[in-house]
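run.txt (compact mmCIF, C-alpha atoms and all ligand atoms) appears below.
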```
# COMPACT_ATOMS: atom_id res chain seq x y z
CA MET Q 1 0.00 0.00 0.00
CA ASN Q 2 3.09 2.19 -0.11
CA GLY Q 3 2.14 5.79 -0.82
CA ARG Q 4 -1.47 4.93 -1.74
CA ASN Q 5 -4.05 7.47 -0.60
CA VAL Q 6 -6.74 5.98 1.59
CA VAL Q 7 -9.61 8.13 2.85
CA LEU Q 8 -11.11 6.59 5.98
CA GLY Q 9 -14.61 7.88 6.77
CA VAL Q 10 -15.65 7.28 10.37
CA THR Q 11 -19.29 7.69 11.39
CA GLY Q 12 -21.26 7.58 14.63
CA SER Q 13 -21.24 4.04 15.95
CA ILE Q 14 -19.66 2.43 18.97
CA ALA Q 15 -17.57 0.49 16.42
CA ALA Q 16 -15.73 3.78 15.68
CA TYR Q 17 -13.07 2.71 18.17
CA LYS Q 18 -12.26 -0.23 15.89
CA ALA Q 19 -11.57 2.22 13.07
CA VAL Q 20 -8.53 3.33 15.06
CA ALA Q 21 -7.09 -0.19 14.68
CA LEU Q 22 -7.94 -0.12 10.97
CA ALA Q 23 -6.20 3.25 10.53
CA SER Q 24 -3.18 1.87 12.34
CA ALA Q 25 -2.98 -1.23 10.10
CA LEU Q 26 -3.28 0.92 6.96
CA VAL Q 27 -0.55 3.30 8.13
CA LYS Q 28 1.73 0.38 9.01
CA ALA Q 29 1.19 -0.99 5.49
CA GLY Q 30 2.51 2.31 4.11
CA ALA Q 31 -0.78 4.01 3.12
CA LEU Q 32 -1.32 7.75 3.50
CA VAL Q 33 -4.52 7.79 5.53
CA ASP Q 34 -6.79 10.82 5.71
CA VAL Q 35 -9.56 10.43 8.24
CA VAL Q 36 -12.88 12.21 7.76
CA MET Q 37 -15.15 12.09 10.82
CA THR Q 38 -18.80 12.96 11.14
CA GLY Q 39 -20.02 14.91 14.17
CA ALA Q 40 -21.60 11.76 15.59
CA ALA Q 41 -18.33 9.82 15.23
CA GLN Q 42 -16.61 12.40 17.43
CA ARG Q 43 -18.98 11.50 20.26
CA PHE Q 44 -17.38 8.05 20.30
CA VAL Q 45 -13.71 8.73 19.46
CA THR Q 46 -11.71 11.94 19.37
CA PRO Q 47 -10.05 13.20 16.19
CA LEU Q 48 -6.82 13.25 18.19
CA SER Q 49 -6.79 9.43 18.34
CA PHE Q 50 -6.70 9.25 14.55
CA GLN Q 51 -4.33 12.18 14.17
CA ALA Q 52 -1.82 10.56 16.51
CA ILE Q 53 -1.84 7.42 14.31
CA THR Q 54 -2.02 8.95 10.85
CA HIS Q 55 0.16 12.00 11.56
CA ARG Q 56 -2.20 13.98 9.39
CA PRO Q 57 -4.97 16.46 10.15
CA VAL Q 58 -8.38 14.86 10.63
CA VAL Q 59 -11.23 16.42 8.64
CA THR Q 60 -14.20 17.09 10.88
CA ASP Q 61 -15.82 20.15 9.39
CA LEU Q 62 -17.02 20.89 5.89
CA TRP Q 63 -16.42 24.57 6.50
CA ALA Q 64 -12.96 24.32 8.06
CA GLY Q 65 -10.67 25.01 5.09
CA GLY Q 66 -8.39 27.57 6.68
CA GLU Q 67 -4.65 27.16 6.71
CA ASP Q 68 -4.37 24.13 4.48
CA LEU Q 69 -6.83 24.35 1.61
CA GLU Q 70 -5.12 21.39 -0.04
CA ILE Q 71 -6.74 19.17 2.58
CA GLY Q 72 -10.21 20.26 1.46
CA HIS Q 73 -12.82 17.53 1.10
CA VAL Q 74 -12.97 17.82 -2.69
CA THR Q 75 -9.20 17.48 -2.93
CA LEU Q 76 -9.34 14.46 -0.63
CA GLY Q 77 -11.99 12.77 -2.77
CA ARG Q 78 -10.10 13.49 -5.98
CA ARG Q 79 -6.77 12.16 -4.90
CA ALA Q 80 -8.09 9.11 -3.03
CA ASP Q 81 -7.11 5.70 -4.39
CA VAL Q 82 -9.82 4.17 -2.25
CA VAL Q 83 -12.44 5.48 0.17
CA VAL Q 84 -13.43 3.23 3.05
CA ILE Q 85 -16.25 4.10 5.42
CA ALA Q 86 -15.93 2.11 8.63
CA PRO Q 87 -18.13 2.03 10.58
CA ALA Q 88 -21.00 3.14 8.36
CA THR Q 89 -24.27 3.73 10.20
CA ALA Q 90 -27.74 3.24 8.70
CA ASP Q 91 -27.97 7.03 8.52
CA THR Q 92 -24.69 7.26 6.59
CA ILE Q 93 -25.82 4.56 4.16
CA ALA Q 94 -29.10 6.42 3.59
CA ARG Q 95 -27.20 9.67 2.98
CA LEU Q 96 -24.84 7.99 0.53
CA ALA Q 97 -27.78 6.43 -1.32
CA HIS Q 98 -29.31 9.86 -1.77
CA GLY Q 99 -26.08 11.68 -2.59
CA LEU Q 100 -26.38 14.04 0.38
CA ALA Q 101 -23.38 16.29 0.77
CA GLY Q 102 -24.13 18.28 3.93
CA ASP Q 103 -20.97 17.19 5.70
CA ALA Q 104 -17.31 16.64 4.86
CA LEU Q 105 -17.76 12.89 4.35
CA GLY Q 106 -20.74 13.26 1.98
CA THR Q 107 -18.83 15.80 -0.10
CA THR Q 108 -15.70 13.67 -0.20
CA VAL Q 109 -17.69 10.68 -1.42
CA LEU Q 110 -19.46 12.69 -4.13
CA ALA Q 111 -16.16 14.14 -5.31
CA THR Q 112 -14.39 10.82 -5.75
CA ASP Q 113 -14.02 8.43 -8.66
CA ALA Q 114 -12.16 5.97 -6.44
CA PRO Q 115 -13.63 2.63 -5.34
CA ILE Q 116 -15.73 3.01 -2.21
CA ILE Q 117 -15.93 0.33 0.49
CA VAL Q 118 -18.64 0.55 3.12
CA ALA Q 119 -18.41 -1.46 6.37
CA PRO Q 120 -21.84 -1.22 8.02
CA ALA Q 121 -22.39 -1.29 11.78
CA MET Q 122 -25.85 -1.12 13.25
CA GLU Q 123 -28.55 -2.96 15.17
CA PRO Q 124 -29.78 -6.09 13.34
CA ARG Q 125 -33.26 -4.63 12.95
CA MET Q 126 -31.86 -1.52 11.34
CA TRP Q 127 -29.80 -3.65 8.94
CA SER Q 128 -32.83 -5.72 7.94
CA ASN Q 129 -35.17 -2.72 7.77
CA ALA Q 130 -36.67 -2.28 4.29
CA ALA Q 131 -35.26 1.25 4.01
CA THR Q 132 -31.70 0.09 4.73
CA VAL Q 133 -32.09 -2.92 2.43
CA ALA Q 134 -33.19 -0.60 -0.39
CA ASN Q 135 -30.38 1.88 0.31
CA VAL Q 136 -27.77 -0.87 0.34
CA ALA Q 137 -29.14 -2.18 -2.97
CA ILE Q 138 -28.79 1.30 -4.49
CA LEU Q 139 -25.18 1.56 -3.34
CA ARG Q 140 -24.34 -1.90 -4.68
CA GLN Q 141 -25.93 -1.11 -8.02
CA ARG Q 142 -23.65 1.90 -8.25
CA GLY Q 143 -20.64 -0.31 -7.78
CA ILE Q 144 -20.06 0.63 -4.14
CA LEU Q 145 -18.78 -2.35 -2.22
CA VAL Q 146 -21.02 -2.76 0.82
CA LEU Q 147 -19.57 -5.45 3.07
CA GLU Q 148 -21.90 -7.82 4.83
CA PRO Q 149 -21.88 -7.06 8.57
CA ASP Q 150 -20.86 -9.86 10.94
CA VAL Q 151 -23.27 -11.82 13.09
CA GLY Q 152 -22.67 -11.59 16.82
CA ARG Q 153 -23.37 -9.78 20.02
CA LEU Q 154 -23.90 -6.05 19.69
CA ALA Q 155 -23.19 -3.27 22.18
CA SER Q 156 -26.90 -3.20 23.01
CA GLY Q 157 -26.73 -6.82 24.14
CA TYR Q 158 -28.79 -8.07 21.21
CA LYS Q 159 -27.40 -10.77 18.95
CA GLY Q 160 -27.74 -10.74 15.19
CA ARG Q 161 -26.26 -9.43 11.94
CA GLY Q 162 -24.98 -5.92 12.36
CA ARG Q 163 -21.49 -5.98 13.84
CA MET Q 164 -18.89 -4.14 11.82
CA PRO Q 165 -16.55 -6.63 10.13
CA GLU Q 166 -13.30 -6.88 12.09
CA PRO Q 167 -10.60 -4.33 11.17
CA ASP Q 168 -8.29 -7.00 9.71
CA ALA Q 169 -11.09 -8.24 7.42
CA ILE Q 170 -11.70 -4.66 6.22
CA PHE Q 171 -7.95 -4.21 5.80
CA ASP Q 172 -7.86 -7.30 3.53
CA VAL Q 173 -10.67 -5.92 1.38
CA VAL Q 174 -8.95 -2.53 1.10
CA SER Q 175 -5.67 -4.14 0.11
CA GLY Q 176 -7.48 -6.40 -2.40
CA VAL Q 177 -9.22 -3.42 -3.99
CA LEU Q 178 -5.94 -1.47 -4.15
CA ALA Q 179 -4.20 -4.46 -5.73
CA ARG Q 180 -6.92 -5.52 -8.17
CA GLY Q 181 -9.26 -2.53 -8.41
CA VAL Q 182 -12.97 -2.79 -9.05
CA SER Q 183 -12.26 -4.37 -12.40
CA LEU Q 184 -15.88 -5.41 -12.99
CA ARG Q 185 -17.62 -2.19 -11.99
CA GLY Q 186 -20.68 -1.71 -14.21
CA ARG Q 187 -20.48 -5.26 -15.67
CA ILE Q 188 -23.22 -7.89 -15.46
CA VAL Q 189 -21.85 -11.31 -14.57
CA VAL Q 190 -24.02 -14.43 -14.52
CA VAL Q 191 -22.72 -17.13 -12.18
CA THR Q 192 -24.26 -20.56 -11.82
CA ALA Q 193 -23.86 -22.74 -8.75
CA GLY Q 194 -25.03 -25.99 -7.20
CA GLY Q 195 -26.52 -29.15 -8.59
CA THR Q 196 -29.84 -29.58 -10.33
CA ARG Q 197 -32.38 -32.19 -9.28
CA GLU Q 198 -34.34 -34.36 -11.64
CA PRO Q 199 -37.53 -35.75 -10.14
CA ILE Q 200 -38.21 -39.48 -10.17
CA ASP Q 201 -41.51 -39.06 -8.36
CA PRO Q 202 -42.85 -36.39 -5.94
CA VAL Q 203 -40.45 -37.46 -3.17
CA ARG Q 204 -37.30 -38.67 -4.96
CA PHE Q 205 -34.84 -37.12 -7.34
CA ILE Q 206 -31.56 -37.73 -9.17
CA GLY Q 207 -28.97 -35.26 -7.92
CA ASN Q 208 -25.24 -34.90 -7.41
CA HIS Q 209 -22.68 -33.98 -4.76
CA SER Q 210 -22.22 -30.34 -5.83
CA SER Q 211 -22.16 -28.06 -2.73
CA GLY Q 212 -22.28 -24.82 -4.72
CA LYS Q 213 -19.27 -23.46 -2.80
CA MET Q 214 -17.24 -22.66 -5.90
CA GLY Q 215 -20.10 -20.77 -7.56
CA ILE Q 216 -20.88 -18.90 -4.36
CA ALA Q 217 -17.22 -17.87 -4.02
CA LEU Q 218 -17.37 -16.62 -7.61
CA ALA Q 219 -20.57 -14.67 -7.02
CA GLU Q 220 -19.07 -13.02 -3.94
CA ALA Q 221 -15.79 -12.23 -5.64
CA ALA Q 222 -17.55 -10.74 -8.69
CA ARG Q 223 -19.77 -8.64 -6.43
CA ASP Q 224 -16.70 -7.43 -4.54
CA ARG Q 225 -15.24 -6.18 -7.82
CA GLY Q 226 -18.28 -4.04 -8.46
CA ALA Q 227 -20.19 -6.34 -10.88
CA SER Q 228 -23.95 -6.79 -10.82
CA VAL Q 229 -24.21 -10.51 -10.21
CA ILE Q 230 -27.06 -12.79 -11.28
CA LEU Q 231 -26.73 -16.12 -9.48
CA VAL Q 232 -28.70 -18.95 -11.09
CA HIS Q 233 -28.48 -21.77 -8.61
CA GLY Q 234 -29.65 -25.28 -7.91
CA ALA Q 235 -29.28 -27.07 -4.57
CA LEU Q 236 -26.71 -25.41 -2.30
CA SER Q 237 -25.14 -26.38 1.01
CA VAL Q 238 -24.06 -22.78 1.68
CA GLN Q 239 -25.85 -19.44 1.98
CA VAL Q 240 -26.50 -17.22 -1.00
CA PRO Q 241 -24.34 -14.10 -0.58
CA ALA Q 242 -25.97 -10.73 0.00
CA GLY Q 243 -26.16 -8.25 -2.80
CA VAL Q 244 -26.58 -10.70 -5.65
CA ASP Q 245 -29.69 -11.37 -7.72
CA ALA Q 246 -30.35 -15.01 -6.78
CA ARG Q 247 -32.59 -17.10 -9.07
CA PRO Q 248 -33.21 -20.59 -7.68
CA VAL Q 249 -34.06 -23.43 -10.06
CA GLY Q 250 -34.81 -27.13 -9.77
CA THR Q 251 -34.09 -29.13 -12.91
CA THR Q 252 -31.49 -28.74 -15.66
CA ARG Q 253 -34.14 -27.57 -18.10
CA GLU Q 254 -35.26 -24.91 -15.64
CA MET Q 255 -31.63 -23.90 -15.19
CA ALA Q 256 -31.24 -23.66 -18.97
CA ASP Q 257 -34.27 -21.35 -19.23
CA ALA Q 258 -33.10 -19.17 -16.32
CA ILE Q 259 -29.60 -18.86 -17.81
CA HIS Q 260 -30.91 -17.99 -21.28
CA ALA Q 261 -32.96 -15.18 -19.68
CA ALA Q 262 -30.10 -14.01 -17.44
CA VAL Q 263 -27.44 -13.72 -20.14
CA GLU Q 264 -29.52 -11.22 -22.15
CA GLY Q 265 -27.43 -8.06 -21.87
CA ALA Q 266 -24.86 -9.70 -19.57
CA ASP Q 267 -21.11 -9.52 -20.11
CA ALA Q 268 -19.95 -12.87 -18.78
CA LEU Q 269 -21.22 -16.30 -17.79
CA ILE Q 270 -19.32 -18.48 -15.34
CA MET Q 271 -20.80 -21.97 -15.32
CA ALA Q 272 -19.80 -23.48 -11.98
CA ALA Q 273 -23.10 -25.36 -11.59
CA ALA Q 274 -23.42 -29.11 -11.91
CA PRO Q 275 -26.53 -29.60 -14.05
CA ALA Q 276 -27.69 -33.20 -14.18
CA ASP Q 277 -26.90 -34.60 -17.62
CA PHE Q 278 -29.88 -36.95 -17.59
CA ARG Q 279 -33.46 -36.79 -16.47
CA VAL Q 280 -36.05 -39.46 -15.91
CA ALA Q 281 -38.01 -39.95 -19.13
CA ARG Q 282 -41.35 -40.09 -17.36
CA ALA Q 283 -41.33 -38.89 -13.75
CA ALA Q 284 -44.20 -40.48 -11.78
CA ASP Q 285 -47.03 -38.24 -10.58
CA GLN Q 286 -47.45 -40.28 -7.42
CA LYS Q 287 -44.91 -41.80 -5.06
CA ILE Q 288 -43.57 -45.06 -6.52
CA LYS Q 289 -44.34 -47.91 -4.14
CA ARG Q 290 -41.80 -50.50 -3.13
CA GLY Q 291 -43.93 -53.05 -4.98
CA ALA Q 292 -42.10 -56.03 -6.44
CA GLY Q 293 -38.74 -54.94 -5.00
CA SER Q 294 -36.95 -53.86 -8.17
CA MET Q 295 -37.50 -51.21 -10.78
CA SER Q 296 -35.65 -49.53 -13.62
CA LEU Q 297 -35.65 -45.95 -14.77
CA GLU Q 298 -35.34 -44.81 -18.33
CA LEU Q 299 -33.12 -41.71 -18.53
CA VAL Q 300 -32.97 -39.21 -21.38
CA ALA Q 301 -30.27 -36.62 -22.03
CA ASN Q 302 -30.67 -33.06 -20.80
CA PRO Q 303 -29.53 -30.11 -22.92
CA ASP Q 304 -25.88 -29.06 -22.65
CA ILE Q 305 -26.47 -25.50 -21.47
CA LEU Q 306 -23.03 -24.08 -22.24
CA ALA Q 307 -22.99 -25.61 -25.71
CA SER Q 308 -26.44 -24.14 -26.37
CA LEU Q 309 -24.96 -20.67 -25.88
CA ALA Q 310 -22.39 -21.05 -28.66
CA SER Q 311 -23.54 -17.89 -30.42
CA TRP Q 312 -23.90 -15.79 -27.26
CA PRO Q 313 -21.18 -13.13 -27.54
CA GLY Q 314 -20.16 -12.70 -23.88
CA VAL Q 315 -17.18 -14.21 -22.09
CA LYS Q 316 -17.94 -17.84 -21.19
CA ILE Q 317 -16.09 -19.82 -18.55
CA GLY Q 318 -16.85 -23.49 -18.02
CA PHE Q 319 -15.75 -26.05 -15.48
CA ALA Q 320 -14.76 -29.64 -16.05
CA ALA Q 321 -15.28 -32.08 -13.25
CA GLU Q 322 -13.12 -35.06 -14.12
CA THR Q 323 -11.98 -38.24 -12.47
CA THR Q 324 -9.45 -39.28 -15.15
CA ASP Q 325 -7.37 -37.65 -17.95
CA LEU Q 326 -8.00 -34.18 -16.57
CA ILE Q 327 -6.23 -32.04 -19.15
CA ALA Q 328 -7.23 -34.05 -22.22
CA ASN Q 329 -10.89 -34.20 -21.21
CA ALA Q 330 -10.94 -30.50 -20.30
CA ARG Q 331 -9.32 -29.60 -23.64
CA SER Q 332 -12.06 -31.34 -25.55
CA LYS Q 333 -14.68 -29.45 -23.49
CA VAL Q 334 -13.09 -26.08 -24.41
CA ALA Q 335 -13.74 -26.92 -28.04
CA ALA Q 336 -17.11 -28.64 -27.61
CA LYS Q 337 -18.58 -25.88 -25.45
CA ARG Q 338 -16.86 -22.97 -27.25
CA VAL Q 339 -15.73 -21.25 -24.10
CA HIS Q 340 -12.98 -18.79 -23.36
CA MET Q 341 -11.58 -21.06 -20.68
CA ILE Q 342 -12.30 -24.29 -18.82
CA VAL Q 343 -11.47 -24.59 -15.15
CA ALA Q 344 -10.42 -28.23 -14.92
CA ASN Q 345 -10.70 -29.95 -11.62
CA ASP Q 346 -9.96 -33.53 -10.62
CA VAL Q 347 -12.81 -34.15 -8.20
CA THR Q 348 -11.05 -37.18 -6.71
CA ALA Q 349 -7.89 -35.24 -5.71
CA GLU Q 350 -7.22 -34.47 -2.03
CA GLY Q 351 -8.61 -31.05 -1.00
CA SER Q 352 -10.47 -30.64 -4.31
CA GLY Q 353 -13.96 -31.03 -5.57
CA PHE Q 354 -17.33 -31.46 -3.96
CA GLY Q 355 -17.89 -29.91 -0.57
CA ALA Q 356 -14.26 -28.85 -0.02
CA ASP Q 357 -13.32 -25.26 0.84
CA THR Q 358 -10.22 -25.59 -1.30
CA ASN Q 359 -9.61 -26.58 -4.87
CA GLU Q 360 -6.68 -27.47 -7.10
CA VAL Q 361 -7.50 -26.60 -10.68
CA ALA Q 362 -5.88 -25.94 -14.02
CA PHE Q 363 -6.98 -23.22 -16.43
CA ILE Q 364 -7.27 -24.49 -20.01
CA PHE Q 365 -7.60 -21.62 -22.48
CA ALA Q 366 -9.18 -21.63 -25.91
CA ASP Q 367 -5.77 -20.85 -27.45
CA GLY Q 368 -4.36 -24.09 -25.99
CA ARG Q 369 -2.50 -22.63 -23.00
CA VAL Q 370 -2.65 -24.67 -19.80
CA GLU Q 371 -2.06 -22.93 -16.47
CA PRO Q 372 -1.92 -25.30 -13.48
CA ARG Q 373 -2.69 -23.67 -10.14
CA PRO Q 374 -1.74 -24.65 -6.60
CA LEU Q 375 -4.14 -26.02 -3.97
CA GLU Q 376 -5.85 -22.83 -2.77
CA THR Q 377 -9.12 -21.62 -1.30
CA LYS Q 378 -12.16 -21.53 -3.55
CA ARG Q 379 -12.18 -17.74 -3.06
CA ALA Q 380 -8.60 -17.56 -4.39
CA VAL Q 381 -9.60 -19.70 -7.40
CA ALA Q 382 -12.59 -17.37 -7.89
CA ASP Q 383 -10.37 -14.29 -7.86
CA ALA Q 384 -8.01 -15.84 -10.39
CA ILE Q 385 -10.97 -16.70 -12.67
CA LEU Q 386 -12.27 -13.14 -12.38
CA ASP Q 387 -8.84 -11.78 -13.35
CA VAL Q 388 -9.26 -13.80 -16.56
CA VAL Q 389 -12.84 -12.53 -17.05
CA ALA Q 390 -11.84 -8.90 -16.44
CA SER Q 391 -8.98 -9.06 -18.90
CA ALA Q 392 -11.11 -10.90 -21.49
CA LEU Q 393 -13.71 -8.14 -21.22
CA GLN Q 394 -11.02 -5.66 -22.24
CA GLN Q 395 -10.50 -7.56 -25.50
CA PRO Q 396 -12.79 -8.85 -28.24
CA VAL Q 397 -13.97 -12.36 -27.38
CA GLU Q 398 -12.44 -15.17 -29.44
CA PRO Q 399 -14.29 -18.39 -28.73
CA SER Q 400 -12.60 -21.57 -29.88
CA THR Q 401 -13.79 -23.17 -33.09
CA PRO Q 402 -15.49 -26.53 -32.79
N1 LIG P 501 -22.77 -28.11 -18.24
C1 LIG P 501 -23.80 -27.54 -18.95
N2 LIG P 501 -24.92 -28.27 -19.23
C2 LIG P 501 -25.02 -29.56 -18.83
C3 LIG P 501 -23.95 -30.15 -18.10
C4 LIG P 501 -22.84 -29.41 -17.84
O1 LIG P 501 -23.71 -26.39 -19.34
N3 LIG P 501 -26.10 -30.24 -19.09
C5 LIG P 501 -21.58 -27.30 -17.96
C6 LIG P 501 -21.08 -27.37 -16.53
O2 LIG P 501 -21.65 -26.36 -15.72
C7 LIG P 501 -19.59 -27.13 -16.69
C8 LIG P 501 -19.30 -27.75 -18.03
O3 LIG P 501 -20.54 -27.80 -18.73
O4 LIG P 501 -19.24 -25.77 -16.75
C9 LIG P 501 -18.72 -29.13 -17.98
O5 LIG P 501 -19.49 -29.94 -17.13
P1 LIG P 501 -19.08 -31.46 -16.89
O6 LIG P 501 -20.09 -32.11 -16.00
O7 LIG P 501 -17.63 -31.53 -16.52
O8 LIG P 501 -19.15 -32.02 -18.34
P2 LIG P 501 -20.29 -32.60 -19.22
O9 LIG P 501 -20.53 -31.67 -20.36
O10 LIG P 501 -21.48 -32.96 -18.42
O11 LIG P 501 -19.55 -33.88 -19.82
P3 LIG P 501 -19.22 -35.30 -19.12
O12 LIG P 501 -20.26 -35.48 -18.03
O13 LIG P 501 -19.37 -36.25 -20.23
O14 LIG P 501 -17.82 -35.22 -18.59
```
Write-out of the structure in structure tokens:
Amino acid sequence: MNGRNVVLGVTGSIAAYKAVALASALVKAGALVDVVMTGAAQRFVTPLSFQAITHRPVVTDLWAGGEDLEIGHVTLGRRADVVVIAPATADTIARLAHGLAGDALGTTVLATDAPIIVAPAMEPRMWSNAATVANVAILRQRGILVLEPDVGRLASGYKGRGRMPEPDAIFDVVSGVLARGVSLRGRIVVVTAGGTREPIDPVRFIGNHSSGKMGIALAEAARDRGASVILVHGALSVQVPAGVDARPVGTTREMADAIHAAVEGADALIMAAAPADFRVARAADQKIKRGAGSMSLELVANPDILASLASWPGVKIGFAAETTDLIANARSKVAAKRVHMIVANDVTAEGSGFGADTNEVAFIFADGRVEPRPLETKRAVADAILDVVASALQQPVEPSTP
């Protein structure tokens, strides 16, 4: 973070004291940190606490100006490499959503082109209130990165979602944004996750072991880079992340329809879902009875969703779940599905595949390049995939020829 300009907005929450630790971590990492405090924030922490850590004047008053006009709020906003508001109260979020500029923080935010990170802190009921939900949605649509608050005990004694994320988590987001930028701001990215289910009868289905973790990590990572994310998902063993447009589906054919609708006007499709390749030819209307003790099912092929989007012009990323001949099988899928890249993954390898939090994959590009990656978290794999998507969106798309 050496020499990068970070504006730290601090607003009126008990969590303001944690912003001192955040400021300290940013300064230690070499950032030039300018703190802007609202009046309410100063009821919790004094400007002197921040000044002592940042060795810079703290902006508390829109009308101050005075000796050092260079430290004006407009100048701060213009030269910022990133603006982080931590803690951000419900009131601050509402003001940001409406572009209010009655204080130094509001003006700084309006005057900046830099990425903005908001770390909310409030009572759970305020966070889930319809007004806050709508305001957060507005901010996210504008490419502002609103972090999900933590769940835990609040100063009031209540438990729930509303605690400001810990300073080291915010620090990681700030350093990620400074390193990678909001490379997908203004882009629409469709991510698919989880397995589909094909009914046998009203109580049974054919499914698979997909947990949806990889797709969820992708949706989160794309959201964190400022993209509008549409998440078409089947069965998941993890929560849908906040701030994404989640569209649940059941069968592969439903997933195909939802994806065809979602990609209209979208920039990229990342197909991490595991759609069932076969469905039962004639699902029973009533529960099949144990009867004679044996039965057989006739299965018919489902559509290959990625292949059906051959003429769609956006950036397409597929996955290949393999148990043998990883690279060779993945290579043939790049061609068959006409994608920019296949993320190949040996689902039998240690630490990889279904249900794991980590993955060891190889990127197989349409131009034949193979890039093996180390065993890493699914979030790290997601970030690497999004680097590929972001750079592909800078160039004309060249799908492979069948
Ligand atoms: N996929 C798809 N439609 C299907 C099945 C899979 O679009 N009906 C997508 C997956 O989401 C993944 C890629 O195609 O991105 C490869 O999926 P995979 O299961 O590895 O391959 P299949 O095409 O199903 O081929 P096979 O099962 O023969 O390996």
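Of the listed residues (Q:Val232, Q:Ala276, Q:Val244, Q:Ala261), Q:Ala276 comes nearest to Q:Ser210; the distances count all atoms listed in the file.
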- Just give me the residues with any atom within 6 Å of (-30.2, -30.6, -7.4), file coordinates, counting only C-alpha atoms, written as a ChimeraX atom specification. /Q:195-197,207,234-235
File of the preceding selection, C-alpha atoms, as a compact mmCIF listing (two decimals), in the coordinates of the input:
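The new file selection-v7.txt reads:
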```txt
# COMPACT_ATOMS: atom_id res chain seq x y z
CA GLY Q 195 -26.52 -29.15 -8.59
CA THR Q 196 -29.84 -29.58 -10.33
CA ARG Q 197 -32.38 -32.19 -9.28
CA GLY Q 207 -28.97 -35.26 -7.92
CA GLY Q 234 -29.65 -25.28 -7.91
CA ALA Q 235 -29.28 -27.07 -4.57
```
- Message: From (-11.8, -32.0, -16.1), in the file's coordinates, out to 7 Å: which residues are reached, counting all atoms listed in the file? Answer as a list in words.
- Response: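 The residues near that point, listed by chain and number, are Ala320, Ala321, Glu322, Leu326, Ile327, Asn329, Ala330, Ala344, Asn345 and Asp346 of chain Q.
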- Atom pair atom CA of Q:Val339 / atom CA of Q:Phe363: separation (Å):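 We find that atom CA of Q:Val339 and atom CA of Q:Phe363 lie 11.8 Å from each other.
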- Task: Taking all atoms listed in the file into account, report as a list in words which residues have an atom no farther than 6 Å from an atom of ligand LIG 501 (chain P).
- Result: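 Within the 6 Å cut-off, the matching residues are Met271, Ala272, Ala273, Ala274, Pro275, Ala276, Asp277, Asn302, Pro303, Asp304, Ile305, Leu306, Gly318, Phe319, Ala320 and Ala321 of chain Q.
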- stretch 215-231 of chain Q: which residues within 7 Å, counting all atoms listed in the file, same-chain residues fewer than 4 positions away excluded, as an MDAnalysis selection string? chainID Q and resid 141 143:145 182:193 240:241 244:247 262 272:273 378:379 382:383 386
- What gap, in Å, lies between atom CA of Q:Ala283 and atom CA of Q:Pro202?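 The value is 8.3 Å.
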Do you know which residues are at most 12 Å from Q:Ser128 counting all atoms listed in the file, after dropping those on the same chain fewer than 3 positions away, and could you put them as a PDB file with C-alpha atoms, in the frame of the given file?
```
ATOM      1  CA  ALA Q  90     -27.740   3.240   8.700  1.00  0.00           C
ATOM      2  CA  PRO Q 120     -21.840  -1.220   8.020  1.00  0.00           C
ATOM      3  CA  ALA Q 121     -22.390  -1.290  11.780  1.00  0.00           C
ATOM      4  CA  MET Q 122     -25.850  -1.120  13.250  1.00  0.00           C
ATOM      5  CA  GLU Q 123     -28.550  -2.960  15.170  1.00  0.00           C
ATOM      6  CA  PRO Q 124     -29.780  -6.090  13.340  1.00  0.00           C
ATOM      7  CA  ARG Q 125     -33.260  -4.630  12.950  1.00  0.00           C
ATOM      8  CA  ALA Q 131     -35.260   1.250   4.010  1.00  0.00           C
ATOM      9  CA  THR Q 132     -31.700   0.090   4.730  1.00  0.00           C
ATOM     10  CA  VAL Q 133     -32.090  -2.920   2.430  1.00  0.00           C
ATOM     11  CA  ALA Q 134     -33.190  -0.600  -0.390  1.00  0.00           C
ATOM     12  CA  ASN Q 135     -30.380   1.880   0.310  1.00  0.00           C
ATOM     13  CA  VAL Q 136     -27.770  -0.870   0.340  1.00  0.00           C
ATOM     14  CA  GLU Q 148     -21.900  -7.820   4.830  1.00  0.00           C
ATOM     15  CA  PRO Q 149     -21.880  -7.060   8.570  1.00  0.00           C
ATOM     16  CA  GLY Q 160     -27.740 -10.740  15.190  1.00  0.00           C
ATOM     17  CA  ARG Q 161     -26.260  -9.430  11.940  1.00  0.00           C
ATOM     18  CA  GLY Q 162     -24.980  -5.920  12.360  1.00  0.00           C
ATOM     19  CA  ALA Q 242     -25.970 -10.730   0.000  1.00  0.00           C
TER      20      ALA Q 242
END
```
- Message: Need to verify the contact set: Q:Pro165, 10 Å, all atoms listed in the file, exclusion of same-chain residues closer than 5 positions in sequence. Can you return it as JSON, numbers by chain?
- Response: {"Q": [15, 18, 86, 87, 119, 120, 121, 147, 148, 149, 150, 151, 170, 171]}
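Using only C-alpha atoms for every distance, the candidate list Q:Ile138, Q:Val74, Q:Val177, Q:Ala111 yields Q:Val177 as the residue closest to Q:Met1.
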